[in-house]
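Enquirer: To be precise about what I am sending: the file is called run-v8.txt and holds compact mmCIF, C-alpha atoms.
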# COMPACT_ATOMS: atom_id res chain seq x y z
CA MET A 23 -37.57 1.68 15.14
CA LYS A 24 -34.57 -0.50 14.30
CA PRO A 25 -31.76 0.98 12.21
CA ARG A 26 -32.23 0.29 8.51
CA VAL A 27 -29.07 -1.35 7.14
CA ALA A 28 -28.24 -2.25 3.55
CA THR A 29 -25.31 -4.00 1.88
CA ALA A 30 -24.49 -3.74 -1.81
CA TRP A 31 -22.25 -5.74 -4.13
CA LEU A 32 -20.56 -3.77 -6.90
CA GLY A 33 -17.39 -4.89 -8.73
CA GLY A 34 -16.05 -7.39 -6.21
CA CYS A 35 -15.71 -11.15 -5.77
CA SER A 36 -18.37 -11.35 -2.99
CA GLY A 37 -15.60 -12.27 -0.54
CA CYS A 38 -16.53 -9.36 1.71
CA HIS A 39 -20.10 -10.64 1.87
CA MET A 40 -18.79 -14.16 2.58
CA SER A 41 -16.85 -12.65 5.46
CA PHE A 42 -20.04 -10.88 6.56
CA LEU A 43 -21.77 -14.28 6.67
CA ASP A 44 -18.83 -15.51 8.76
CA LEU A 45 -20.31 -13.44 11.58
CA ASP A 46 -22.02 -16.81 12.21
CA GLU A 47 -24.14 -16.79 15.38
CA ARG A 48 -23.63 -13.04 15.69
CA LEU A 49 -25.89 -12.76 12.62
CA ILE A 50 -28.82 -13.73 14.88
CA GLU A 51 -27.94 -10.95 17.30
CA LEU A 52 -27.52 -8.55 14.39
CA GLY A 53 -30.86 -9.62 12.93
CA GLU A 54 -32.56 -8.64 16.19
CA LYS A 55 -30.89 -5.23 16.19
CA ILE A 56 -31.40 -4.12 12.58
CA ASP A 57 -33.69 -4.28 9.60
CA LEU A 58 -31.78 -5.51 6.55
CA VAL A 59 -33.52 -3.54 3.83
CA TYR A 60 -31.34 -4.35 0.81
CA SER A 61 -28.59 -6.89 0.22
CA PRO A 62 -27.39 -9.55 -2.25
CA ILE A 63 -28.22 -12.03 0.52
CA ALA A 64 -31.83 -10.77 0.76
CA ASP A 65 -34.38 -10.63 -2.05
CA MET A 66 -34.95 -6.92 -2.63
CA LYS A 67 -34.90 -5.65 -6.20
CA VAL A 68 -34.83 -1.89 -5.67
CA PHE A 69 -32.57 0.05 -3.32
CA PRO A 70 -34.96 1.63 -0.80
CA ALA A 71 -35.12 5.17 0.56
CA ASN A 72 -34.23 6.21 4.08
CA VAL A 73 -31.37 3.80 4.86
CA ASP A 74 -29.22 4.44 7.93
CA VAL A 75 -26.03 2.53 7.06
CA THR A 76 -24.98 0.95 3.73
CA LEU A 77 -21.93 -1.28 3.36
CA VAL A 78 -20.69 -1.24 -0.23
CA GLU A 79 -18.47 -4.08 -1.46
CA GLY A 80 -16.45 -3.77 -4.64
CA ALA A 81 -15.05 -1.13 -6.94
CA VAL A 82 -17.26 0.87 -9.30
CA ALA A 83 -16.55 -1.18 -12.41
CA ASN A 84 -19.51 -0.81 -14.76
CA VAL A 85 -22.29 1.67 -15.54
CA GLU A 86 -24.79 -0.23 -13.42
CA ASN A 87 -22.42 -0.04 -10.40
CA GLU A 88 -22.10 3.69 -10.98
CA GLU A 89 -25.86 4.22 -11.14
CA LEU A 90 -26.41 2.18 -7.96
CA ALA A 91 -23.60 4.06 -6.16
CA HIS A 92 -25.40 7.36 -6.75
CA ILE A 93 -28.73 5.92 -5.54
CA ILE A 94 -27.01 4.52 -2.45
CA ARG A 95 -25.52 7.92 -1.66
CA LYS A 96 -28.83 9.68 -2.14
CA ASN A 97 -30.75 7.22 0.03
CA SER A 98 -28.23 6.48 2.81
CA ARG A 99 -27.20 8.54 5.81
CA CYS A 100 -23.88 6.70 6.17
CA VAL A 101 -22.05 5.02 3.28
CA VAL A 102 -19.20 2.63 4.11
CA SER A 103 -16.53 1.40 1.69
CA PHE A 104 -16.57 -2.27 2.60
CA GLY A 105 -13.27 -4.04 1.79
CA ASP A 106 -10.19 -3.22 -0.31
CA CYS A 107 -11.90 -3.09 -3.74
CA ALA A 108 -14.27 -0.36 -2.56
CA VAL A 109 -11.44 1.41 -0.68
CA SER A 110 -8.71 1.31 -3.34
CA GLY A 111 -9.94 -0.53 -6.44
CA ASN A 112 -7.72 -3.48 -5.51
CA VAL A 113 -8.00 -6.57 -7.75
CA THR A 114 -11.00 -5.21 -9.65
CA ALA A 115 -8.88 -2.28 -10.79
CA MET A 116 -5.96 -4.41 -12.01
CA ARG A 117 -7.52 -4.25 -15.48
CA ASN A 118 -7.21 -0.46 -15.51
CA GLN A 119 -3.88 -0.44 -17.36
CA TRP A 120 -5.66 -1.69 -20.49
CA ASP A 121 -8.62 -0.60 -22.54
CA PRO A 122 -11.83 -2.51 -21.63
CA GLU A 123 -11.94 -3.98 -25.16
CA VAL A 124 -8.47 -5.47 -24.70
CA VAL A 125 -9.55 -6.91 -21.34
CA LEU A 126 -12.76 -8.42 -22.76
CA HIS A 127 -10.83 -9.92 -25.65
CA ARG A 128 -8.30 -11.43 -23.28
CA ALA A 129 -10.97 -12.90 -20.99
CA TYR A 130 -13.54 -14.15 -23.51
CA ILE A 131 -11.49 -14.89 -26.65
CA GLU A 132 -7.84 -15.59 -25.84
CA LEU A 133 -8.47 -17.50 -22.62
CA SER A 134 -11.60 -19.30 -23.81
CA ASP A 135 -11.55 -23.09 -24.11
CA VAL A 136 -14.87 -23.39 -25.99
CA ASN A 137 -17.12 -20.94 -27.88
CA PRO A 138 -14.82 -17.91 -27.87
CA ARG A 139 -17.10 -14.85 -28.03
CA ILE A 140 -17.70 -11.66 -26.07
CA PRO A 141 -21.26 -11.79 -24.66
CA ARG A 142 -22.77 -8.57 -25.96
CA GLU A 143 -26.26 -9.73 -26.88
CA TYR A 144 -27.57 -9.69 -23.30
CA PRO A 145 -28.89 -6.25 -22.32
CA THR A 146 -28.63 -7.27 -18.64
CA ILE A 147 -24.82 -7.30 -18.80
CA ALA A 148 -23.76 -3.77 -17.98
CA GLU A 149 -21.10 -2.00 -20.00
CA LEU A 150 -17.66 -1.76 -18.36
CA MET A 151 -16.44 1.67 -17.33
CA LYS A 152 -13.13 2.65 -18.89
CA GLN A 153 -11.52 2.10 -15.49
CA ALA A 154 -12.76 0.51 -12.26
CA LYS A 155 -12.69 3.16 -9.52
CA PRO A 156 -12.65 3.13 -5.73
CA LEU A 157 -16.07 4.10 -4.36
CA HIS A 158 -14.92 7.44 -2.88
CA GLU A 159 -13.85 8.65 -6.34
CA ILE A 160 -17.52 8.36 -7.42
CA ILE A 161 -19.50 9.32 -4.30
CA THR A 162 -18.73 10.74 -0.86
CA VAL A 163 -17.88 7.97 1.58
CA ASP A 164 -18.24 8.29 5.37
CA ALA A 165 -16.24 5.32 6.68
CA PHE A 166 -13.84 2.62 5.51
CA ILE A 167 -13.55 -1.05 6.44
CA HIS A 168 -10.24 -2.41 5.13
CA GLY A 169 -9.04 -5.86 4.16
CA CYS A 170 -9.33 -8.40 1.40
CA PRO A 171 -11.64 -9.50 2.78
CA PRO A 172 -12.20 -7.70 6.10
CA THR A 173 -12.37 -10.26 8.89
CA SER A 174 -15.74 -10.94 10.50
CA ASP A 175 -14.38 -9.45 13.72
CA GLN A 176 -13.53 -6.23 11.89
CA ILE A 177 -17.02 -6.16 10.38
CA TRP A 178 -18.62 -6.78 13.76
CA THR A 179 -16.60 -4.02 15.44
CA ALA A 180 -17.33 -1.58 12.62
CA LEU A 181 -21.06 -2.38 12.60
CA THR A 182 -21.28 -2.08 16.37
CA GLU A 183 -19.67 1.37 16.17
CA LEU A 184 -21.76 2.49 13.20
CA LEU A 185 -25.03 1.37 14.78
CA ALA A 186 -24.09 3.31 17.91
CA GLY A 187 -23.87 6.35 15.63
CA ARG A 188 -20.08 6.53 15.68
CA ILE A 189 -17.70 6.45 12.72
CA PRO A 190 -15.21 3.67 13.51
CA ALA A 191 -11.73 5.02 14.17
CA SER A 192 -9.00 3.63 11.97
CA THR A 193 -6.53 2.42 14.50
CA HIS A 194 -3.50 0.35 13.56
CA VAL A 195 -5.34 -2.80 14.58
CA PHE A 196 -8.30 -1.91 12.43
CA LEU A 197 -6.36 -0.58 9.48
CA ARG A 198 -5.07 -3.18 7.06
CA PHE A 199 -4.68 -3.69 3.35
CA GLY A 200 -4.68 -7.11 1.74
CA MET B 18 35.09 13.62 15.29
CA ALA B 19 33.26 15.63 17.94
CA ILE B 20 30.35 14.83 20.21
CA LEU B 21 27.50 17.30 19.88
CA THR B 22 24.46 17.91 22.03
CA LEU B 23 21.09 18.61 20.45
CA THR B 24 17.41 18.43 21.30
CA ILE B 25 15.09 16.01 19.50
CA ASP B 26 11.40 16.20 20.40
CA GLY B 27 12.25 17.93 23.66
CA GLU B 28 14.79 15.30 24.66
CA GLN B 29 18.45 16.22 25.18
CA VAL B 30 20.55 13.81 23.13
CA SER B 31 24.17 13.56 22.03
CA GLY B 32 25.66 12.23 18.83
CA LYS B 33 28.77 12.30 16.71
CA ASP B 34 29.15 15.11 14.18
CA ASP B 35 29.50 12.62 11.30
CA GLU B 36 26.22 10.86 12.10
CA SER B 37 22.87 11.89 10.68
CA ILE B 38 19.95 13.19 12.70
CA LEU B 39 18.15 9.95 11.80
CA GLU B 40 20.95 7.79 13.22
CA ILE B 41 21.11 9.84 16.42
CA ALA B 42 17.32 9.73 16.82
CA ARG B 43 17.28 5.95 16.37
CA GLN B 44 20.08 5.49 18.92
CA HIS B 45 17.82 7.27 21.40
CA GLY B 46 14.71 5.28 20.56
CA ILE B 47 13.02 8.10 18.64
CA HIS B 48 11.09 6.67 15.67
CA ILE B 49 11.23 8.56 12.36
CA PRO B 50 9.56 6.77 9.43
CA THR B 51 11.79 5.98 6.44
CA LEU B 52 11.50 4.24 3.10
CA CYS B 53 14.53 4.86 0.87
CA TYR B 54 16.92 4.74 3.82
CA ILE B 55 18.45 1.42 4.81
CA ASP B 56 21.22 0.96 7.36
CA GLY B 57 24.40 0.06 5.47
CA LEU B 58 23.81 1.95 2.21
CA ALA B 59 24.47 5.59 1.34
CA ALA B 60 21.60 7.84 2.40
CA VAL B 61 20.05 9.72 -0.54
CA GLY B 62 17.14 11.54 1.13
CA SER B 63 14.83 10.93 -1.81
CA CYS B 64 11.61 9.56 -0.32
CA ARG B 65 11.16 12.57 2.03
CA LEU B 66 9.38 10.50 4.69
CA CYS B 67 12.04 11.31 7.30
CA LEU B 68 11.61 15.08 6.91
CA VAL B 69 11.98 16.88 10.24
CA GLU B 70 11.60 20.46 11.46
CA ILE B 71 14.74 22.29 12.57
CA GLU B 72 14.21 25.37 14.69
CA GLY B 73 15.32 28.53 12.92
CA SER B 74 15.12 26.98 9.45
CA PRO B 75 12.13 27.66 7.20
CA LYS B 76 12.81 24.45 5.25
CA LEU B 77 12.10 20.90 6.28
CA ALA B 78 15.19 18.69 6.26
CA PRO B 79 15.54 14.96 5.58
CA ALA B 80 16.83 13.42 8.81
CA CYS B 81 18.81 10.74 6.94
CA THR B 82 21.11 13.22 5.15
CA THR B 83 21.20 16.10 7.65
CA LYS B 84 24.14 16.33 10.04
CA PRO B 85 23.65 17.61 13.60
CA GLN B 86 24.89 20.93 14.91
CA GLU B 87 25.59 21.94 18.48
CA GLY B 88 22.39 23.15 20.16
CA MET B 89 20.17 22.17 17.23
CA VAL B 90 16.47 21.81 18.10
CA VAL B 91 14.74 19.13 16.01
CA ARG B 92 11.10 18.12 15.91
CA THR B 93 10.20 14.82 14.24
CA ALA B 94 6.46 14.34 14.68
CA THR B 95 4.61 17.64 14.47
CA GLU B 96 1.15 17.78 12.94
CA ARG B 97 2.60 19.38 9.81
CA LEU B 98 5.15 16.57 9.37
CA GLN B 99 2.51 13.90 9.92
CA ARG B 100 0.32 15.57 7.31
CA HIS B 101 3.21 15.61 4.83
CA ARG B 102 4.10 11.98 5.53
CA ARG B 103 0.56 10.82 4.95
CA MET B 104 0.50 12.76 1.70
CA ILE B 105 3.75 11.13 0.53
CA VAL B 106 2.33 7.66 1.15
CA GLU B 107 -0.90 8.64 -0.62
CA LEU B 108 1.10 9.80 -3.65
CA LEU B 109 3.14 6.59 -3.67
CA ALA B 110 -0.09 4.58 -3.52
CA SER B 111 -1.76 6.54 -6.30
CA GLU B 112 1.29 6.47 -8.61
CA GLY B 113 1.85 2.71 -8.46
CA ASN B 114 -0.28 -0.40 -8.72
CA HIS B 115 -0.15 -1.78 -5.19
CA GLN B 116 -2.70 -4.55 -4.81
CA CYS B 117 -1.68 -5.87 -1.38
CA ALA B 118 -4.19 -8.73 -1.58
CA VAL B 119 -2.33 -10.40 -4.46
CA CYS B 120 1.22 -9.32 -3.59
CA VAL B 121 4.00 -11.76 -2.75
CA VAL B 122 5.13 -9.65 0.23
CA ASN B 123 1.63 -8.95 1.62
CA ASN B 124 1.92 -8.47 5.41
CA HIS B 125 5.73 -8.18 5.14
CA CYS B 126 5.85 -4.91 3.20
CA GLU B 127 7.47 -1.66 4.28
CA LEU B 128 5.04 0.43 2.20
CA GLN B 129 2.08 -1.36 3.77
CA ASN B 130 3.52 -0.76 7.25
CA LEU B 131 4.08 2.91 6.40
CA ALA B 132 0.43 3.17 5.34
CA TYR B 133 -0.55 1.90 8.79
CA ASP B 134 2.00 4.20 10.46
CA VAL B 135 0.59 7.33 8.84
CA GLY B 136 -3.04 6.22 9.30
CA LEU B 137 -3.87 5.90 5.63
CA THR B 138 -7.62 5.18 5.69
CA TYR B 139 -7.99 6.02 2.02
CA VAL B 140 -6.13 7.85 -0.75
CA ARG B 141 -7.46 11.34 -1.48
CA PHE B 142 -5.74 11.63 -4.85
CA PRO B 143 -7.11 9.88 -7.93
CA TYR B 144 -5.34 6.59 -8.57
CA LEU B 145 -3.38 6.87 -11.82
CA PHE B 146 -3.21 3.11 -12.60
CA PRO B 147 -0.01 3.68 -14.63
CA LYS B 148 0.99 1.15 -17.23
CA LYS B 149 4.03 -0.65 -15.80
CA THR B 150 6.07 -3.62 -16.93
CA LEU B 151 7.09 -6.87 -15.29
CA ASP B 152 10.33 -8.64 -16.23
CA ALA B 153 10.60 -12.35 -15.40
CA SER B 154 13.55 -13.06 -17.70
CA HIS B 155 15.99 -13.68 -14.84
CA LYS B 156 16.25 -17.36 -13.88
CA ASP B 157 15.63 -16.76 -10.15
CA PHE B 158 14.01 -13.35 -9.72
CA ILE B 159 11.26 -11.06 -10.99
CA ILE B 160 11.06 -7.27 -11.14
CA ASP B 161 7.45 -6.07 -11.02
CA ARG B 162 7.54 -2.33 -11.64
CA ASN B 163 3.86 -2.05 -10.59
CA ARG B 164 5.05 -2.28 -6.98
CA CYS B 165 8.18 -0.12 -7.31
CA VAL B 166 8.44 3.05 -5.18
CA LEU B 167 11.75 4.18 -6.77
CA CYS B 168 13.63 4.12 -3.46
CA THR B 169 16.78 3.01 -5.39
CA ARG B 170 17.86 0.63 -2.64
CA CYS B 171 18.35 -2.08 -5.32
CA LEU B 172 20.56 0.24 -7.36
CA ARG B 173 22.64 1.24 -4.35
CA VAL B 174 23.15 -2.25 -2.91
CA CYS B 175 24.16 -3.54 -6.36
CA TYR B 176 26.58 -0.68 -6.94
CA GLU B 177 27.93 -0.11 -3.42
CA VAL B 178 28.04 -3.61 -1.98
CA GLU B 179 28.00 -6.14 -4.83
CA GLY B 180 29.94 -3.83 -7.16
CA ALA B 181 27.99 -4.92 -10.24
CA HIS B 182 25.84 -1.83 -10.95
CA VAL B 183 23.17 -3.75 -12.88
CA TRP B 184 20.37 -1.33 -11.93
CA ASP B 185 19.87 2.25 -12.97
CA VAL B 186 17.11 4.85 -13.17
CA ALA B 187 15.65 5.83 -16.54
CA GLY B 188 12.95 8.30 -17.57
CA ARG B 189 11.66 11.42 -15.88
CA GLY B 190 8.83 12.29 -13.53
CA ILE B 191 5.93 9.89 -13.72
CA ASN B 192 7.79 7.85 -16.38
CA CYS B 193 10.75 7.24 -14.08
CA GLU B 194 11.61 3.55 -13.69
CA ILE B 195 14.30 1.13 -12.60
CA ILE B 196 16.06 -0.58 -15.52
CA SER B 197 18.60 -3.37 -15.74
CA GLY B 198 21.77 -3.04 -17.83
CA LEU B 199 21.28 -0.84 -20.88
CA ASN B 200 17.49 -1.09 -20.52
CA GLN B 201 17.56 -4.74 -21.53
CA PRO B 202 15.84 -7.81 -20.02
CA TRP B 203 17.30 -8.61 -16.60
CA GLY B 204 18.05 -12.16 -17.79
CA ASP B 205 20.27 -10.77 -20.56
CA SER B 206 22.38 -8.68 -18.19
CA ASP B 207 26.11 -9.53 -18.39
CA THR B 208 26.84 -7.83 -15.09
CA CYS B 209 24.21 -9.41 -12.80
CA THR B 210 25.82 -11.99 -10.51
CA SER B 211 22.43 -13.32 -9.36
CA CYS B 212 23.45 -12.56 -5.77
CA GLY B 213 19.88 -11.52 -4.85
CA LYS B 214 20.87 -8.58 -2.63
CA CYS B 215 18.57 -6.22 -4.55
CA VAL B 216 15.65 -8.55 -3.92
CA LEU B 217 16.29 -8.65 -0.19
CA VAL B 218 16.63 -4.89 0.30
CA CYS B 219 13.57 -4.00 -1.82
CA PRO B 220 10.97 -2.65 0.63
CA THR B 221 7.98 -3.79 -1.44
CA GLY B 222 7.03 -6.61 -3.80
CA ALA B 223 8.83 -4.98 -6.74
CA LEU B 224 11.76 -7.40 -6.53
CA ILE B 225 10.78 -10.94 -5.64
CA GLU B 226 11.98 -14.53 -5.84
CA LYS B 227 10.37 -16.81 -8.38
CA GLY B 228 8.10 -19.49 -6.98
CA GLU B 229 6.73 -17.45 -4.08
CA ALA B 230 2.95 -17.08 -3.78
CA VAL B 231 0.84 -14.33 -2.21
CA ALA B 232 2.10 -13.23 1.23
CA GLU B 233 4.82 -15.92 1.21
CA MET B 234 7.95 -13.82 0.93
CA GLU B 235 9.54 -12.17 3.95
CA LYS B 236 12.67 -10.14 3.26
CA LYS B 237 15.61 -10.24 5.63
CA THR B 238 17.98 -7.29 5.47
CA ASP B 239 20.34 -8.35 8.32
CA PHE B 240 22.94 -9.55 5.81
CA LEU B 241 23.65 -5.96 4.84
CA ARG B 242 24.87 -4.97 8.31
CA PHE B 243 27.04 -8.13 8.39
CA ILE B 244 28.74 -7.44 5.07
CA VAL B 245 29.17 -3.71 5.59
CA THR B 246 30.62 -4.15 9.09
CA ALA B 247 33.00 -6.84 7.82
CA ARG B 248 34.21 -4.59 5.01
CA LYS B 249 34.60 -1.44 7.09
CA LYS B 250 35.85 -2.80 10.39
CA LYS B 251 37.09 -6.29 9.50
CA GLU B 252 34.68 -7.56 12.16
CA TRP B 253 32.40 -10.49 11.49
CA ILE B 254 29.44 -9.80 13.73
CA ASN B 255 27.26 -12.56 15.13
CA MET B 256 23.90 -12.23 13.37
CA ASP B 257 22.19 -14.55 15.87
CA SER B 258 22.38 -11.88 18.55
CA ASP B 259 21.96 -8.14 18.48
CA GLU B 260 25.49 -7.50 19.75
CA GLU B 261 27.97 -5.92 17.42
Have the structure of the file written as structure tokens, please.
Expert:
Amino acid sequence: MKPRVATAWLGGCSGCHMSFLDLDERLIELGEKIDLVYSPIADMKVFPANVDVTLVEGAVANVENEELAHIIRKNSRCVVSFGDCAVSGNVTAMRNQWDPEVVLHRAYIELSDVNPRIPREYPTIAELMKQAKPLHEIITVDAFIHGCPPTSDQIWTALTELLAGRIPASTHVFLRFG
Amino acid sequence: MAILTLTIDGEQVSGKDDESILEIARQHGIHIPTLCYIDGLAAVGSCRLCLVEIEGSPKLAPACTTKPQEGMVVRTATERLQRHRRMIVELLASEGNHQCAVCVVNNHCELQNLAYDVGLTYVRFPYLFPKKTLDASHKDFIIDRNRCVLCTRCLRVCYEVEGAHVWDVAGRGINCEIISGLNQPWGDSDTCTSCGKCVLVCPTGALIEKGEAVAEMEKKTDFLRFIVTARKKKEWINMDSDEE
């Protein structure tokens, strides 16, 4: 049976997933090696059970992210912080110096060109956590892929290692912030 | 002045009695990580990254402020020291707001390089996300206290080399910060000569030039050796080569 791999998108800009797609023709090779069971680039609504490796992009920024993080941990053998926001909070956590209300006001009222209002009437928009947190402050994380975003070569190397059952070593070459 | 013989990491080395262990180690190609230390300014031993083990002493000693003694046995890279160094970088990361991805000195940052040096895969301590200020009142420069590691290089270069003493340290503990003048906007400082030395010696993106975008600024600290050598020895060294 092929390894079951998932990717998740929490509080991030999707840049890490863009970089994942930059694997280009290697995606075909990867597709032959794995079953992608959950991902923002695949149409699965519910995070499945029994996942071998999950790459998690983004910081834990809202209550929905937090809920998904716990499900991911429960259902995955190996959880990987995928990119700087998951590793350290990074840009997503730059709002942490202010109360979420102040941040919402700044974004939706002060900086609005038309119709200044905070969108609260949609139940699908999850409530912000008081602070955006790196993934490992919420759940146990097994491996880290650094960079904003990680390069496709880094992702390829890390995936190759992870699928071989090894935790990728953080060498100087591999380790980078920004 | 006497020449002493000591052992650093099993290697027999010699150095002058008025040099520091750090200087002697560097002369012999032995790498000890540093952050607050910069060649040309007074060593203050505050960042603790250059801590070394000295045989017979229960305490760790900062290599930058410790003088050698005859027969001294020094170890610079034991597992304990590496553990401490990683912890120091983790604490610096968790006590500031260091978003490398949007920093002007991304890829040219001493703190970033230290993180790689100590193998910082992630920070074990909770990030504090402290509320810090940014002052862009100076016509040419910005101080962004989010990125400040309190090394005091800016303070020392301004006081020791420029002679202006614009910068000082205010507050205690976690509230400690670098201030200009009498805690007034940098642009209002009467003493600042706008020489920019503080910006160049800053190891991170805390002091930056206006108009630089992400990853655009690379700091050159060579000027410090030139000025200090000229003052001390009345020698004007050629900065194009490595010869003194």
Enquirer: Taking all atoms listed in the file into account, what are the residues of chain A at most 10 Å from chain B, put as a PyMOL selection string?
Expert: chain A and resi 103+106-107+109-120+153-156+158-159+165-171+191-200
Enquirer: Taking 4 positions as the minimum chain separation for residues in the same chain, which residues sit within 10 Å of range 137-148 of chain A when counting only C-alpha atoms? Answer as a list in words.
Expert: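 Non-adjacent residues within range: Ala83, Asn84, Val85, Glu86, Asn87, Glu123, Leu126, His127, Arg128, Ala129, Tyr130, Ile131, Glu132 and Leu133 of chain A.
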Enquirer: I'd like the interatomic distance between CA of Pro75 in chain B and CA of Leu109 in chain B, to a tenth of an Å.
Expert: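 Interatomic distance, CA of Pro75 in chain B to CA of Leu109 in chain B: 25.4 Å.
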Enquirer: Determine, counting only C-alpha atoms, every residue of protein, DNA or RNA that lies within 9 Å of (36.4, 16.2, 14.3) in the file coordinates, then give the result as a list in words.
Expert: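 Applying the cut-off with only C-alpha atoms, one gets Met18, Ala19, Ile20, Lys33, Asp34 and Asp35 of chain B.
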Enquirer: Have a look at CA of Leu150 in chain A and CA of Ser61 in chain A and let me know their distance in Å, one decimal.
Expert: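 Straight-line distance from CA of Leu150 in chain A to CA of Ser61 in chain A works out to 22.2 Å.
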Enquirer: In Å, with one decimal, what is the gap from CA of Cys126 in chain B to CA of Glu36 in chain B?
Expert: 27.3 Å
Enquirer: Please identify every residue of range 40-91 of chain A that has at least one atom no farther than 10 Å from an atom of range 161-164 of chain A, counting only C-alpha atoms, and for each give the shortest atom pair and the distance in Å to one decimal, arranged by chain then increasing number, as a Markdown table.
Expert:
| residue | atom | partner | partner_atom | distance |
| --- | --- | --- | --- | --- |
| A:Val75 | CA | A:Asp164 | CA | 9.8 |
| A:Val78 | CA | A:Val163 | CA | 9.8 |
| A:Glu88 | CA | A:Ile161 | CA | 9.1 |
| A:Ala91 | CA | A:Ile161 | CA | 6.9 |
Enquirer: Any chance you could export the current selection's C-alpha atoms as a PDB file, keeping the file's coordinate frame?
Expert:
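Once everything was written out, this is selection_6.pdb:
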ATOM      1  CA  VAL A  75     -26.030   2.530   7.060  1.00  0.00           C
ATOM      2  CA  VAL A  78     -20.690  -1.240  -0.230  1.00  0.00           C
ATOM      3  CA  GLU A  88     -22.100   3.690 -10.980  1.00  0.00           C
ATOM      4  CA  ALA A  91     -23.600   4.060  -6.160  1.00  0.00           C
TER       5      ALA A  91
END
Enquirer: Smallest atom-to-atom distance to Thr221 in chain B: which of B:Glu177, B:Glu127, B:Asp205, B:Glu194, using all atoms listed in the file?
Expert: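 Using all atoms listed in the file, the shortest distance to Thr221 in chain B belongs to B:Glu127.
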Enquirer: Kindly provide, as lines of an AutoDock Vina configuration file, the centre and edge lengths (Å, one decimal) of an axis-aligned box around all atoms of range 83-94 of chain B given in the file, with 4 Å on each side.
Expert:
center_x = 16.0
center_y = 18.7
center_z = 13.9
size_x = 27.1
size_y = 16.8
size_z = 20.5
